[in-house]
Amino acid sequence: MATIHSRTAARFMISPSVLLLLGWMLIPLSLTVYFSFLRYNLLMPGMEEWTGWTNYQYFLTDPAFFEALTNTLLLVGGVLFITIIGGTGLGLLLNQPIWGQGIVRILVIAPFFVMPTVSALVWKNMFMNPVNGLFAHAAKFLGLAPYDFFGQAPLLSIILIVAWQWLPFATLILLTALQSLDQEQLEAAEMDGASTLSRFIYIVLPHLARAITVVILIQTIFLLSIFAEILVTTNGGPGYASTNITFLVYAQSLLQFDVGGGSAGGIIAVILANIVAIFLMRMIGKNLEV
Amino acid sequence: MARTVTRSHKTLVTVLAWMVGLAIFFPILWTILTSFKTEAEAIASPPSFLAFEWTLENYGDVHERSNYFRHFWNSVVISLGSTLLGLLIAIPAAWAMAFVPGKQTKNVLMWMLSTKMLPPVGVLIPIYLIFRDYGLLDTLSGLVIVLTLINLPIIIWMLYTYFKEIPGEILEAARMDGATLAAEIIHVLTPMALPGIASTLLLNIILAWNEAFWTLNLTAAKAAPLTAFIASYSSPEGLFYAKLSAASTMAIAPILIMGWFSQKQLVRGLTFGAVK
């Protein structure tokens, strides 16, 4: 029963947030759109000129763009694949009665709180290094040749590191969803003679569907913007072998100072993210009761 | 659960769960252990697990190499500053939307969330140029501003879901009894909202502490927080595993502890109420 007075007060209380977010989104984004139509290099100040769609043409026909786009899709897809399957398995495991459940949960969640630069450098040097890494020691111990992770498969190595960081998130959300599963339904199915597998496929999985979708959408938003892990391990290389769109835009604009080209790439990244965001927003919106 | 769980089944599951849990945690444990080794022992083959000579010298070396505590302090200022500033802006907004919902409230909430979906590279160049022109590059205040803005949607959303759980009738009752708006906020709302505000604070400190896009792109030496400081170890000179481990351990320890306290809020904060 809001009075006119309180509604005015409410508007007054909301407006700082709205104005700040509006400014944060609108001003830089319109500048990026504007820059993307300019020939604008930081090394040649004052030489900016309107070039129409040239930057987009240049960016979209650059072989590096397709390599980066492929890498982005592989990175997002690979991490999602590992974290969804691993997270479902871990969720099912942790949802059972075990001794010391709280401690195991804490161990599993821990990687999420490690800052990206730390996890990337620790994995790259102390585990995946072909000479001094733990995996190399283990390979030697087993009489195998050590594998040069970043030399042979830079993108896969990054996928593994990022998957380790995000596995806790998927696990935690899927575990939360599992805990709300109706146990009686499971028991009824069991009494009717349904096998463990068919109980999983016909009862557990449909119940998890929503949570899995949420994990996919939210992780995708974050995974499209993976940056630090690439910067400190491979710097996008060798060549463009581990460059994603985010890193390509960074390299184009802040390393090659090509503001116009970088901006065109940034707008393409925004469009890609929006495709995912629309689905995510729809799901969240359905759940929101004002 | 009505189903009887046999003891042997529980033992089996427990062993399995502990093995998986320890495997996932192992890289962190290994980093902590390596931080107490000498550089020679850190790369020794076969590696020693516990039977090595424990030393604290790496922690001293890390600080000497590049003034570790300054970067630590930068991280504290940036994460705490941006979170507190964000709360200051978000609390009134979340309060108003939770207790005085209007026709547009849902749209406003959804729109705020959509700003979080904007990939940072989409605005990297303008922000970088604006920062350069206004002397905000490599300053703590510049980073506080950016991190406040990127986390503001999450702060508002989390607070909103918490405030929504406070029964509105209590506020009505206070109003009936003649409480002013200020009294209502101080004596009725704040005590009930405090747990939610604390959770929001905790999660956002963690997010800001680990933020590694803007902190890497907008800082050089002076205002670099730990994320950027650790990144300087990507071009190593000589033996550095033990020092990297010591620097890493100090960088993740405080947040690891906070994180364990906030695991429940994590689901809520990062799924925007889509999973509860």
# chains A, B, ... in the order shown; residues from 1 in each chain; ligands from 1
$ interface_residues --of "chain B" --to "chain A" --cutoff "7 Å" --atoms "only C-alpha atoms" --output "PyMOL selection string"
chain B and resi 10+13-14+17-18+21-22+24-25+43+45-46+89-90+92-93+96+100-101+106+110+115+117-119+121-123+125-127+149+210+212-213+227+230-231+234+248+252+255-256+259-260+267+274-275
$ residues_around --residues "segment 54-64 of chain B" --least-positions-apart "6" --cutoff "12 Å" --atoms "only C-alpha atoms" --output "ChimeraX atom specification"
/B:32-39,41-42,48,70-72,229-230,232-233,239-251
$ atom_distance --atom1 "atom CA of Arg268 of chain B" --atom2 "atom CA of Met158 of chain B"
7.2 Å
$ residues_around --residues "segment 163-166 of chain B" --least-positions-apart "3" --cutoff "10 Å" --atoms "only C-alpha atoms" --output "PyMOL selection string"
(chain A and resi 289-290) or (chain B and resi 91+94-99+157-160+169-171+189+192-194+196-197)
$ select_by_dssp --residues "segment 86-149 of chain B" --states "alpha helix (DSSP H)" --output "PyMOL selection string"
chain B and resi 86-99+105-116+121-133+140-149
$ residues_around --residues "Leu92 of chain A" --least-positions-apart "5" --cutoff "9 Å" --atoms "only C-alpha atoms" --output "JSON, numbers by chain"
{"A": [87, 174, 175, 178]}
$ write_last_selection --atoms "N, CA and C atoms" --output "short mmCIF file (atom, residue, chain, number, x, y, z; two decimals), in the first residue's frame"
data_model
loop_
_atom_site.label_atom_id
_atom_site.label_comp_id
_atom_site.auth_asym_id
_atom_site.auth_seq_id
_atom_site.Cartn_x
_atom_site.Cartn_y
_atom_site.Cartn_z
N GLY A 87 30.43 -31.80 -12.45
CA GLY A 87 29.61 -31.21 -11.41
C GLY A 87 28.41 -32.08 -11.07
N LEU A 174 24.44 -27.58 -8.76
CA LEU A 174 23.76 -28.85 -9.02
C LEU A 174 23.46 -29.58 -7.71
N LEU A 175 24.37 -29.43 -6.74
CA LEU A 175 24.13 -30.05 -5.43
C LEU A 175 22.91 -29.40 -4.76
N LEU A 178 19.93 -30.79 -6.37
CA LEU A 178 19.68 -32.19 -5.98
C LEU A 178 19.03 -32.28 -4.61
#
$ atom_distance --atom1 "atom CA of Thr72 of chain A" --atom2 "atom CA of Asn244 of chain A"
4.8 Å
$ closest_residue --among "A:Asp192, A:Glu67, A:Asp62, A:Glu48" --to "Gly237 of chain A" --atoms "only C-alpha atoms"
A:Glu67
$ decode --residues "segment 42-59 of chain B" --atoms "C-alpha atoms" --output "short mmCIF file (atom, residue, chain, number, x, y, z; two decimals), in the first residue's frame"
data_model
loop_
_atom_site.label_atom_id
_atom_site.label_comp_id
_atom_site.auth_asym_id
_atom_site.auth_seq_id
_atom_site.Cartn_x
_atom_site.Cartn_y
_atom_site.Cartn_z
CA ALA B 42 60.65 -27.08 -4.93
CA ILE B 43 61.78 -28.63 -8.22
CA ALA B 44 63.47 -31.73 -6.74
CA SER B 45 62.72 -35.05 -8.46
CA PRO B 46 61.14 -37.06 -6.95
CA PRO B 47 59.31 -34.28 -5.12
CA SER B 48 59.15 -34.53 -1.34
CA PHE B 49 55.72 -34.23 0.16
CA LEU B 50 56.34 -33.36 3.80
CA ALA B 51 59.88 -34.54 4.50
CA PHE B 52 61.75 -31.41 3.56
CA GLU B 53 63.38 -28.70 5.54
CA TRP B 54 60.66 -26.18 6.26
CA THR B 55 61.70 -22.58 5.70
CA LEU B 56 59.99 -19.21 5.83
CA GLU B 57 62.55 -17.35 3.75
CA ASN B 58 60.35 -17.28 0.61
CA TYR B 59 57.88 -15.07 2.37
#
